[in-house]
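Structure file coords-v1.pdb (PDB, C-alpha atoms) is printed below.
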```pdb
ATOM      1  CA  GLU A   1       1.696 -27.972   0.682  1.00  0.00           C
ATOM      2  CA  ASP A   2       0.665 -24.516   1.887  1.00  0.00           C
ATOM      3  CA  GLN A   3      -3.016 -23.724   1.392  1.00  0.00           C
ATOM      4  CA  VAL A   4      -5.022 -20.543   1.793  1.00  0.00           C
ATOM      5  CA  THR A   5      -8.809 -20.595   1.562  1.00  0.00           C
ATOM      6  CA  GLN A   6     -10.963 -17.507   1.742  1.00  0.00           C
ATOM      7  CA  SER A   7     -14.669 -17.399   2.401  1.00  0.00           C
ATOM      8  CA  PRO A   8     -17.144 -16.350   1.349  1.00  0.00           C
ATOM      9  CA  GLU A   9     -16.205 -15.877  -2.316  1.00  0.00           C
ATOM     10  CA  ALA A  10     -18.582 -12.937  -2.547  1.00  0.00           C
ATOM     11  CA  LEU A  11     -20.400 -10.859   0.026  1.00  0.00           C
ATOM     12  CA  ARG A  12     -23.031  -8.184  -0.386  1.00  0.00           C
ATOM     13  CA  LEU A  13     -23.698  -5.849   2.539  1.00  0.00           C
ATOM     14  CA  GLN A  14     -25.854  -2.852   3.104  1.00  0.00           C
ATOM     15  CA  GLU A  15     -24.090   0.279   4.255  1.00  0.00           C
ATOM     16  CA  GLY A  16     -23.619   0.050   8.019  1.00  0.00           C
ATOM     17  CA  GLU A  17     -24.075  -3.745   8.134  1.00  0.00           C
ATOM     18  CA  SER A  18     -20.985  -5.180   9.864  1.00  0.00           C
ATOM     19  CA  SER A  19     -19.546  -8.567   8.862  1.00  0.00           C
ATOM     20  CA  SER A  20     -16.391 -10.674   8.794  1.00  0.00           C
ATOM     21  CA  LEU A  21     -14.297 -12.254   6.054  1.00  0.00           C
ATOM     22  CA  ASN A  22     -12.463 -15.492   6.750  1.00  0.00           C
ATOM     23  CA  CYS A  23      -9.039 -16.721   5.700  1.00  0.00           C
ATOM     24  CA  SER A  24      -8.111 -20.245   6.775  1.00  0.00           C
ATOM     25  CA  TYR A  25      -4.617 -21.527   6.152  1.00  0.00           C
ATOM     26  CA  THR A  26      -2.320 -24.497   6.483  1.00  0.00           C
ATOM     27  CA  VAL A  27       1.360 -23.665   6.367  1.00  0.00           C
ATOM     28  CA  SER A  28       4.500 -24.933   7.972  1.00  0.00           C
ATOM     29  CA  GLY A  29       6.565 -22.191   9.503  1.00  0.00           C
ATOM     30  CA  LEU A  30       4.327 -19.146   9.246  1.00  0.00           C
ATOM     31  CA  ARG A  31       6.378 -15.986   8.936  1.00  0.00           C
ATOM     32  CA  GLY A  32       3.392 -13.701   8.478  1.00  0.00           C
ATOM     33  CA  LEU A  33      -0.189 -13.353   7.266  1.00  0.00           C
ATOM     34  CA  PHE A  34      -1.058 -10.401   5.088  1.00  0.00           C
ATOM     35  CA  TRP A  35      -4.282  -8.718   4.054  1.00  0.00           C
ATOM     36  CA  TYR A  36      -4.536  -6.772   0.830  1.00  0.00           C
ATOM     37  CA  ARG A  37      -7.339  -4.867  -0.861  1.00  0.00           C
ATOM     38  CA  GLN A  38      -7.713  -4.861  -4.643  1.00  0.00           C
ATOM     39  CA  ASP A  39      -9.925  -2.453  -6.587  1.00  0.00           C
ATOM     40  CA  PRO A  40     -10.961  -3.256 -10.170  1.00  0.00           C
ATOM     41  CA  GLY A  41      -8.201  -2.505 -12.669  1.00  0.00           C
ATOM     42  CA  LYS A  42      -5.605  -1.948  -9.955  1.00  0.00           C
ATOM     43  CA  GLY A  43      -2.940  -3.916  -8.177  1.00  0.00           C
ATOM     44  CA  PRO A  44      -3.444  -5.076  -4.593  1.00  0.00           C
ATOM     45  CA  GLU A  45      -2.918  -2.534  -1.830  1.00  0.00           C
ATOM     46  CA  PHE A  46      -1.363  -3.603   1.465  1.00  0.00           C
ATOM     47  CA  LEU A  47      -3.584  -3.396   4.547  1.00  0.00           C
ATOM     48  CA  PHE A  48      -2.166  -5.427   7.465  1.00  0.00           C
ATOM     49  CA  THR A  49       0.527  -7.859   8.570  1.00  0.00           C
ATOM     50  CA  LEU A  50      -0.106 -10.311  11.407  1.00  0.00           C
ATOM     51  CA  TYR A  51       2.730 -12.395  12.795  1.00  0.00           C
ATOM     52  CA  SER A  52       1.443 -14.490  15.679  1.00  0.00           C
ATOM     53  CA  ALA A  53      -1.771 -15.948  17.069  1.00  0.00           C
ATOM     54  CA  GLY A  54      -3.687 -13.440  19.148  1.00  0.00           C
ATOM     55  CA  GLU A  55      -2.395 -10.447  17.276  1.00  0.00           C
ATOM     56  CA  GLU A  56      -4.866  -7.794  16.100  1.00  0.00           C
ATOM     57  CA  LYS A  57      -4.485  -4.783  13.816  1.00  0.00           C
ATOM     58  CA  GLU A  58      -6.970  -1.995  13.110  1.00  0.00           C
ATOM     59  CA  LYS A  59      -7.358   0.640  10.438  1.00  0.00           C
ATOM     60  CA  GLU A  60     -10.463   2.790  10.202  1.00  0.00           C
ATOM     61  CA  ARG A  61     -13.411   0.376   9.806  1.00  0.00           C
ATOM     62  CA  LEU A  62     -11.198  -2.703   9.385  1.00  0.00           C
ATOM     63  CA  LYS A  63      -9.832  -4.999  12.049  1.00  0.00           C
ATOM     64  CA  ALA A  64      -7.729  -8.081  11.352  1.00  0.00           C
ATOM     65  CA  THR A  65      -7.228 -10.925  13.813  1.00  0.00           C
ATOM     66  CA  LEU A  66      -5.148 -14.083  13.722  1.00  0.00           C
ATOM     67  CA  THR A  67      -5.390 -17.553  15.275  1.00  0.00           C
ATOM     68  CA  LYS A  68      -3.228 -20.607  14.595  1.00  0.00           C
ATOM     69  CA  LYS A  69      -5.514 -21.737  11.781  1.00  0.00           C
ATOM     70  CA  GLU A  70      -7.332 -18.694  10.459  1.00  0.00           C
ATOM     71  CA  SER A  71      -7.564 -14.960  10.205  1.00  0.00           C
ATOM     72  CA  PHE A  72     -10.611 -12.746  10.155  1.00  0.00           C
ATOM     73  CA  LEU A  73     -11.071  -9.349   8.601  1.00  0.00           C
ATOM     74  CA  HIS A  74     -13.863  -7.620  10.472  1.00  0.00           C
ATOM     75  CA  ILE A  75     -15.583  -4.731   8.722  1.00  0.00           C
ATOM     76  CA  THR A  76     -17.544  -2.444  11.019  1.00  0.00           C
ATOM     77  CA  ALA A  77     -20.273  -0.194   9.618  1.00  0.00           C
ATOM     78  CA  PRO A  78     -18.976  -0.482   6.040  1.00  0.00           C
ATOM     79  CA  LYS A  79     -19.389   2.260   3.455  1.00  0.00           C
ATOM     80  CA  PRO A  80     -19.741   1.875  -0.329  1.00  0.00           C
ATOM     81  CA  GLU A  81     -16.087   2.882  -0.738  1.00  0.00           C
ATOM     82  CA  ASP A  82     -15.119  -0.305   1.122  1.00  0.00           C
ATOM     83  CA  SER A  83     -16.303  -2.298  -1.900  1.00  0.00           C
ATOM     84  CA  ALA A  84     -13.321  -4.219  -3.264  1.00  0.00           C
ATOM     85  CA  THR A  85     -11.780  -7.676  -3.357  1.00  0.00           C
ATOM     86  CA  TYR A  86      -9.976  -8.529  -0.132  1.00  0.00           C
ATOM     87  CA  LEU A  87      -7.019 -10.873  -0.459  1.00  0.00           C
ATOM     88  CA  CYS A  88      -5.303 -12.859   2.229  1.00  0.00           C
ATOM     89  CA  ALA A  89      -1.751 -14.165   1.799  1.00  0.00           C
ATOM     90  CA  VAL A  90       0.557 -16.273   3.946  1.00  0.00           C
ATOM     91  CA  GLN A  91       4.309 -16.215   3.942  1.00  0.00           C
ATOM     92  CA  ALA A  92       6.237 -19.261   5.069  1.00  0.00           C
ATOM     93  CA  ASP A  93       9.933 -20.008   5.246  1.00  0.00           C
ATOM     94  CA  GLY A  94      10.207 -19.936   1.463  1.00  0.00           C
ATOM     95  CA  TYR A  95       9.358 -16.223   1.617  1.00  0.00           C
ATOM     96  CA  ALA A  96       6.959 -16.204  -1.374  1.00  0.00           C
ATOM     97  CA  LEU A  97       3.472 -14.861  -0.694  1.00  0.00           C
ATOM     98  CA  ASN A  98       0.787 -17.520  -1.182  1.00  0.00           C
ATOM     99  CA  PHE A  99      -2.513 -15.785  -1.890  1.00  0.00           C
ATOM    100  CA  GLY A 100      -6.072 -16.957  -1.416  1.00  0.00           C
ATOM    101  CA  LYS A 101      -8.565 -16.324  -4.202  1.00  0.00           C
ATOM    102  CA  GLY A 102     -10.136 -13.424  -2.384  1.00  0.00           C
ATOM    103  CA  THR A 103     -13.525 -12.262  -1.162  1.00  0.00           C
ATOM    104  CA  SER A 104     -15.378  -9.830  -3.416  1.00  0.00           C
ATOM    105  CA  LEU A 105     -17.196  -7.351  -1.188  1.00  0.00           C
ATOM    106  CA  LEU A 106     -19.996  -5.097  -2.413  1.00  0.00           C
ATOM    107  CA  VAL A 107     -21.432  -2.494  -0.064  1.00  0.00           C
ATOM    108  CA  THR A 108     -24.653  -0.878  -1.237  1.00  0.00           C
ATOM    109  CA  PRO A 109     -26.022   2.472  -0.022  1.00  0.00           C
TER     110      PRO A 109
ATOM    111  CA  LYS B   1       6.808   9.287  -3.861  1.00  0.00           C
ATOM    112  CA  ALA B   2       6.225   7.540  -7.185  1.00  0.00           C
ATOM    113  CA  GLY B   3       4.647   4.107  -7.052  1.00  0.00           C
ATOM    114  CA  VAL B   4       5.479   0.961  -8.951  1.00  0.00           C
ATOM    115  CA  THR B   5       5.309   1.493 -12.690  1.00  0.00           C
ATOM    116  CA  GLN B   6       4.565  -1.294 -15.116  1.00  0.00           C
ATOM    117  CA  THR B   7       4.723  -1.003 -18.882  1.00  0.00           C
ATOM    118  CA  PRO B   8       2.937  -1.592 -21.095  1.00  0.00           C
ATOM    119  CA  ARG B   9      -0.512  -1.592 -19.491  1.00  0.00           C
ATOM    120  CA  TYR B  10      -2.104  -3.683 -22.219  1.00  0.00           C
ATOM    121  CA  LEU B  11      -0.647  -6.101 -24.730  1.00  0.00           C
ATOM    122  CA  ILE B  12      -2.078  -8.408 -27.372  1.00  0.00           C
ATOM    123  CA  LYS B  13       0.170 -11.146 -28.726  1.00  0.00           C
ATOM    124  CA  THR B  14      -0.222 -14.177 -30.961  1.00  0.00           C
ATOM    125  CA  ARG B  15       0.410 -17.758 -29.877  1.00  0.00           C
ATOM    126  CA  GLY B  16       4.042 -18.704 -30.272  1.00  0.00           C
ATOM    127  CA  GLN B  17       5.360 -15.157 -29.914  1.00  0.00           C
ATOM    128  CA  GLN B  18       7.381 -13.917 -27.002  1.00  0.00           C
ATOM    129  CA  VAL B  19       6.776 -10.908 -24.781  1.00  0.00           C
ATOM    130  CA  THR B  20       8.761  -8.732 -22.383  1.00  0.00           C
ATOM    131  CA  LEU B  21       7.130  -6.814 -19.552  1.00  0.00           C
ATOM    132  CA  SER B  22       8.822  -4.074 -17.583  1.00  0.00           C
ATOM    133  CA  CYS B  23       8.623  -2.975 -13.958  1.00  0.00           C
ATOM    134  CA  SER B  24      10.147   0.039 -12.219  1.00  0.00           C
ATOM    135  CA  PRO B  25       9.999  -0.364  -8.434  1.00  0.00           C
ATOM    136  CA  ILE B  26       9.585   2.347  -5.831  1.00  0.00           C
ATOM    137  CA  SER B  27      12.806   4.275  -5.352  1.00  0.00           C
ATOM    138  CA  GLY B  28      14.929   2.581  -2.702  1.00  0.00           C
ATOM    139  CA  HIS B  29      13.161  -0.763  -2.992  1.00  0.00           C
ATOM    140  CA  ARG B  30      15.552  -3.528  -3.952  1.00  0.00           C
ATOM    141  CA  SER B  31      13.234  -6.523  -4.192  1.00  0.00           C
ATOM    142  CA  VAL B  32      10.904  -7.099  -7.121  1.00  0.00           C
ATOM    143  CA  SER B  33       8.409  -9.954  -7.333  1.00  0.00           C
ATOM    144  CA  TRP B  34       6.185 -10.969 -10.218  1.00  0.00           C
ATOM    145  CA  TYR B  35       2.730 -12.520 -10.024  1.00  0.00           C
ATOM    146  CA  GLN B  36       0.224 -13.864 -12.524  1.00  0.00           C
ATOM    147  CA  GLN B  37      -3.445 -13.189 -11.793  1.00  0.00           C
ATOM    148  CA  THR B  38      -6.271 -15.072 -13.515  1.00  0.00           C
ATOM    149  CA  PRO B  39      -9.944 -15.442 -12.559  1.00  0.00           C
ATOM    150  CA  GLY B  40      -9.575 -19.188 -12.055  1.00  0.00           C
ATOM    151  CA  GLN B  41      -6.264 -19.411 -10.201  1.00  0.00           C
ATOM    152  CA  GLY B  42      -6.095 -16.049  -8.495  1.00  0.00           C
ATOM    153  CA  LEU B  43      -2.699 -14.512  -7.751  1.00  0.00           C
ATOM    154  CA  GLN B  44       0.185 -16.900  -8.298  1.00  0.00           C
ATOM    155  CA  PHE B  45       3.821 -16.187  -7.502  1.00  0.00           C
ATOM    156  CA  LEU B  46       6.230 -16.300 -10.430  1.00  0.00           C
ATOM    157  CA  PHE B  47       9.603 -15.209  -9.020  1.00  0.00           C
ATOM    158  CA  GLU B  48      11.424 -12.733  -6.823  1.00  0.00           C
ATOM    159  CA  TYR B  49      14.580 -10.803  -7.628  1.00  0.00           C
ATOM    160  CA  PHE B  50      16.852  -9.097  -5.144  1.00  0.00           C
ATOM    161  CA  SER B  51      20.226  -7.534  -5.909  1.00  0.00           C
ATOM    162  CA  GLU B  52      19.997  -8.713  -9.520  1.00  0.00           C
ATOM    163  CA  THR B  53      19.649 -12.373  -8.477  1.00  0.00           C
ATOM    164  CA  GLN B  54      16.595 -14.582  -8.591  1.00  0.00           C
ATOM    165  CA  ARG B  55      15.965 -15.545  -4.958  1.00  0.00           C
ATOM    166  CA  ASN B  56      12.742 -17.480  -5.243  1.00  0.00           C
ATOM    167  CA  LYS B  57      10.754 -19.135  -8.001  1.00  0.00           C
ATOM    168  CA  GLY B  58       7.164 -20.304  -8.245  1.00  0.00           C
ATOM    169  CA  ASN B  59       5.811 -23.341 -10.030  1.00  0.00           C
ATOM    170  CA  PHE B  60       5.801 -22.064 -13.611  1.00  0.00           C
ATOM    171  CA  PRO B  61       7.449 -23.543 -16.715  1.00  0.00           C
ATOM    172  CA  GLY B  62      10.822 -22.365 -17.926  1.00  0.00           C
ATOM    173  CA  ARG B  63       9.136 -20.256 -20.619  1.00  0.00           C
ATOM    174  CA  PHE B  64       8.715 -17.679 -17.873  1.00  0.00           C
ATOM    175  CA  SER B  65      11.918 -15.889 -17.004  1.00  0.00           C
ATOM    176  CA  GLY B  66      13.030 -12.604 -15.600  1.00  0.00           C
ATOM    177  CA  ARG B  67      15.924 -10.428 -14.687  1.00  0.00           C
ATOM    178  CA  GLN B  68      16.756  -7.440 -12.546  1.00  0.00           C
ATOM    179  CA  PHE B  69      19.100  -4.620 -13.365  1.00  0.00           C
ATOM    180  CA  SER B  70      21.514  -2.744 -11.119  1.00  0.00           C
ATOM    181  CA  ASN B  71      18.952   0.068 -10.653  1.00  0.00           C
ATOM    182  CA  SER B  72      16.443  -2.557  -9.381  1.00  0.00           C
ATOM    183  CA  ARG B  73      14.245  -2.283 -12.462  1.00  0.00           C
ATOM    184  CA  SER B  74      13.024  -5.677 -13.581  1.00  0.00           C
ATOM    185  CA  GLU B  75      11.808  -7.336 -16.739  1.00  0.00           C
ATOM    186  CA  MET B  76       9.804 -10.477 -17.201  1.00  0.00           C
ATOM    187  CA  ASN B  77       9.867 -12.515 -20.384  1.00  0.00           C
ATOM    188  CA  VAL B  78       7.475 -15.168 -21.604  1.00  0.00           C
ATOM    189  CA  SER B  79       8.515 -17.171 -24.646  1.00  0.00           C
ATOM    190  CA  THR B  80       6.402 -19.323 -26.948  1.00  0.00           C
ATOM    191  CA  LEU B  81       3.165 -17.809 -25.721  1.00  0.00           C
ATOM    192  CA  GLU B  82       0.151 -20.032 -25.144  1.00  0.00           C
ATOM    193  CA  LEU B  83      -3.514 -19.055 -24.906  1.00  0.00           C
ATOM    194  CA  GLY B  84      -3.419 -19.931 -21.211  1.00  0.00           C
ATOM    195  CA  ASP B  85      -0.820 -17.240 -20.593  1.00  0.00           C
ATOM    196  CA  SER B  86      -3.524 -14.600 -20.969  1.00  0.00           C
ATOM    197  CA  ALA B  87      -3.619 -12.911 -17.583  1.00  0.00           C
ATOM    198  CA  LEU B  88      -2.869  -9.810 -15.562  1.00  0.00           C
ATOM    199  CA  TYR B  89       0.835  -9.747 -14.694  1.00  0.00           C
ATOM    200  CA  LEU B  90       1.589  -7.842 -11.534  1.00  0.00           C
ATOM    201  CA  CYS B  91       4.893  -6.579 -10.278  1.00  0.00           C
ATOM    202  CA  ALA B  92       5.436  -5.824  -6.597  1.00  0.00           C
ATOM    203  CA  SER B  93       8.348  -4.050  -4.972  1.00  0.00           C
ATOM    204  CA  SER B  94       9.586  -4.344  -1.404  1.00  0.00           C
ATOM    205  CA  LEU B  95      12.399  -2.828   0.598  1.00  0.00           C
ATOM    206  CA  SER B  96      14.195  -6.121   1.077  1.00  0.00           C
ATOM    207  CA  GLN B  97      14.106  -9.772   0.140  1.00  0.00           C
ATOM    208  CA  GLY B  98      11.177 -11.665   1.582  1.00  0.00           C
ATOM    209  CA  ASP B  99       9.393  -8.545   2.808  1.00  0.00           C
ATOM    210  CA  GLY B 100       5.704  -9.470   2.631  1.00  0.00           C
ATOM    211  CA  GLN B 101       4.612  -5.838   2.748  1.00  0.00           C
ATOM    212  CA  ALA B 102       4.693  -5.342  -0.983  1.00  0.00           C
ATOM    213  CA  PHE B 103       3.648  -2.446  -3.164  1.00  0.00           C
ATOM    214  CA  PHE B 104       1.998  -3.517  -6.393  1.00  0.00           C
ATOM    215  CA  GLY B 105       1.871  -1.860  -9.763  1.00  0.00           C
ATOM    216  CA  GLN B 106      -1.319  -1.663 -11.801  1.00  0.00           C
ATOM    217  CA  GLY B 107      -0.267  -4.625 -13.880  1.00  0.00           C
ATOM    218  CA  THR B 108       0.088  -5.507 -17.533  1.00  0.00           C
ATOM    219  CA  ARG B 109      -2.961  -7.114 -19.107  1.00  0.00           C
ATOM    220  CA  LEU B 110      -1.671  -9.701 -21.601  1.00  0.00           C
ATOM    221  CA  THR B 111      -4.043 -11.250 -24.096  1.00  0.00           C
ATOM    222  CA  VAL B 112      -2.804 -14.121 -26.246  1.00  0.00           C
ATOM    223  CA  VAL B 113      -4.842 -14.811 -29.386  1.00  0.00           C
TER     224      VAL B 113
END
```

So, in terms of structure tokens, how does the structure I just supplied come out?
Amino acid sequence: EDQVTQSPEALRLQEGESSSLNCSYTVSGLRGLFWYRQDPGKGPEFLFTLYSAGEEKEKERLKATLTKKESFLHITAPKPEDSATYLCAVQADGYALNFGKGTSLLVTP
Amino acid sequence: KAGVTQTPRYLIKTRGQQVTLSCSPISGHRSVSWYQQTPGQGLQFLFEYFSETQRNKGNFPGRFSGRQFSNSRSEMNVSTLELGDSALYLCASSLSQGDGQAFFGQGTRLTVV
């Protein structure tokens, strides 16, 4: 059975303090790994798709990387507006997105 | 470009009742997926519709059903509501079937009392 585990569950950073969020997965036939951001009271917002080990994607202060067993979302010099829940999802041959439970990030000034 | 629209935003129902939620996808998107989000279980896949046909189904009881119309709009129905059905129901639209880059609506918050 496909499994997606995100850690830590919650993370508090000071503005400018870089860190990484982890998403470990077990899936047969990975089609893609996706990162989403969810703000309170809103639906998730797409950030990145990674398809194969070694792939990296960047957007502003965020960088996502992928290995055969896990993905990292690196946040460089975060700002308070980066506070949100970050969700990781894997897509296997069945096509449905299987989400982790997310990491709740709080960035304080 | 208008985003995904879900109606209603909030709903309170009594146990045993049924409920219908509506989703209008982004114009041109033909795939609509539904998810249930709860604090304990996170986001769980309910089903995906593409070209008016259910293409994929998650592990939910038959009380949960859906449909898609020819204009790609979708509805989700839950019959015989239980307290445990209280959740945020999210709709996501994609260009094509199985496209993991999905655009989510703001959700319908269902409370069952």

Next item on the list: With a cut-off of 8 Å and counting only C-alpha atoms, select all residues of chain A in contact with chain B and give the selection as an NGL selection string.
Entry: :A and (32 or 34 or 41-46 or 49 or 91 or 94-102)

Draw an axis-aligned box tight on the listed atoms of region 53-70 of chain A, then pad every side by 8 Å and write out centre and edge lengths in Å to one decimal as AutoDock Vina command-line options.
```
--center_x -7.6 --center_y -9.5 --center_z 14.3 --size_x 27.6 --size_y 40.5 --size_z 25.8
```

Neighbours of Leu106 (chain A) within 7 Å (only C-alpha atoms; same-chain residues fewer than 4 positions away dropped), as a PDB file with C-alpha atoms, keeping the file's coordinate frame?
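In the end it all went to around_4.pdb:
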```pdb
ATOM      1  CA  LEU A  11     -20.400 -10.859   0.026  1.00  0.00           C
ATOM      2  CA  ARG A  12     -23.031  -8.184  -0.386  1.00  0.00           C
ATOM      3  CA  LEU A  13     -23.698  -5.849   2.539  1.00  0.00           C
ATOM      4  CA  SER A  83     -16.303  -2.298  -1.900  1.00  0.00           C
ATOM      5  CA  ALA A  84     -13.321  -4.219  -3.264  1.00  0.00           C
TER       6      ALA A  84
END
```

Notebook entry, point to check: Interatomic distance between CA of Ser104 (chain A) and CA of Glu82 (chain B)?
Noted result: 28.6 Å

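Nearest residue to Val19 (chain B), choosing from B:Thr111, B:Ser94, B:Gln54, B:Asn77 and counting only C-alpha atoms: B:Asn77.
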
Please reconstruct the missing atoms of region 3-12 of chain A (target: all heavy atoms) and return them as a CSV table (one decimal), in the frame of the given file.
```
chain,number,residue,atom,x,y,z
A,3,GLN,N,-1.7,-24.0,2.0
A,3,GLN,CA,-3.0,-23.7,1.4
A,3,GLN,C,-3.7,-22.5,2.1
A,3,GLN,O,-3.5,-22.4,3.3
A,3,GLN,CB,-3.9,-24.9,1.5
A,3,GLN,CG,-3.7,-26.0,0.5
A,3,GLN,CD,-4.8,-27.0,0.4
A,3,GLN,OE1,-5.5,-27.3,1.4
A,3,GLN,NE2,-5.1,-27.5,-0.8
A,4,VAL,N,-4.3,-21.7,1.3
A,4,VAL,CA,-5.0,-20.5,1.8
A,4,VAL,C,-6.4,-20.5,1.2
A,4,VAL,O,-6.5,-20.5,0.0
A,4,VAL,CB,-4.3,-19.2,1.4
A,4,VAL,CG1,-5.0,-18.0,2.0
A,4,VAL,CG2,-2.9,-19.3,1.9
A,5,THR,N,-7.4,-20.6,2.0
A,5,THR,CA,-8.8,-20.6,1.6
A,5,THR,C,-9.6,-19.4,2.1
A,5,THR,O,-9.6,-19.3,3.4
A,5,THR,CB,-9.5,-21.9,2.0
A,5,THR,OG1,-8.7,-23.0,1.5
A,5,THR,CG2,-10.9,-22.0,1.4
A,6,GLN,N,-10.2,-18.7,1.3
A,6,GLN,CA,-11.0,-17.5,1.7
A,6,GLN,C,-12.4,-17.7,1.5
A,6,GLN,O,-12.9,-18.3,0.6
A,6,GLN,CB,-10.5,-16.2,1.0
A,6,GLN,CG,-9.1,-15.8,1.3
A,6,GLN,CD,-8.8,-14.4,0.7
A,6,GLN,OE1,-8.0,-14.3,-0.1
A,6,GLN,NE2,-9.5,-13.4,1.2
A,7,SER,N,-13.2,-17.3,2.5
A,7,SER,CA,-14.7,-17.4,2.4
A,7,SER,C,-15.3,-16.2,3.1
A,7,SER,O,-14.8,-15.6,4.0
A,7,SER,CB,-15.1,-18.7,3.1
A,7,SER,OG,-14.8,-18.7,4.5
A,8,PRO,N,-16.5,-15.8,2.6
A,8,PRO,CA,-17.1,-16.4,1.3
A,8,PRO,C,-16.4,-15.8,0.1
A,8,PRO,O,-15.6,-15.0,0.2
A,8,PRO,CB,-18.6,-15.8,1.4
A,8,PRO,CG,-18.4,-14.5,2.1
A,8,PRO,CD,-17.3,-14.7,3.1
A,9,GLU,N,-16.8,-16.4,-1.1
A,9,GLU,CA,-16.2,-15.9,-2.3
A,9,GLU,C,-16.7,-14.5,-2.6
A,9,GLU,O,-16.0,-13.6,-3.2
A,9,GLU,CB,-16.6,-16.8,-3.5
A,9,GLU,CG,-15.8,-18.1,-3.5
A,9,GLU,CD,-16.1,-18.9,-4.7
A,9,GLU,OE1,-16.6,-18.4,-5.7
A,9,GLU,OE2,-15.9,-20.2,-4.7
A,10,ALA,N,-18.0,-14.2,-2.3
A,10,ALA,CA,-18.6,-12.9,-2.5
A,10,ALA,C,-19.5,-12.6,-1.4
A,10,ALA,O,-20.1,-13.5,-0.8
A,10,ALA,CB,-19.4,-12.9,-3.9
A,11,LEU,N,-19.6,-11.3,-1.1
A,11,LEU,CA,-20.4,-10.9,0.0
A,11,LEU,C,-21.0,-9.5,-0.3
A,11,LEU,O,-20.3,-8.6,-0.8
A,11,LEU,CB,-19.5,-10.7,1.3
A,11,LEU,CG,-20.2,-10.3,2.6
A,11,LEU,CD1,-21.3,-11.3,3.0
A,11,LEU,CD2,-19.2,-10.1,3.7
A,12,ARG,N,-22.3,-9.4,-0.1
A,12,ARG,CA,-23.0,-8.2,-0.4
A,12,ARG,C,-23.6,-7.7,0.9
A,12,ARG,O,-24.3,-8.4,1.6
A,12,ARG,CB,-24.2,-8.4,-1.4
A,12,ARG,CG,-24.9,-7.2,-1.8
A,12,ARG,CD,-26.0,-7.5,-2.8
A,12,ARG,NE,-26.7,-6.3,-3.2
A,12,ARG,CZ,-26.9,-5.9,-4.4
A,12,ARG,NH1,-26.4,-6.6,-5.4
A,12,ARG,NH2,-27.6,-4.8,-4.7
```
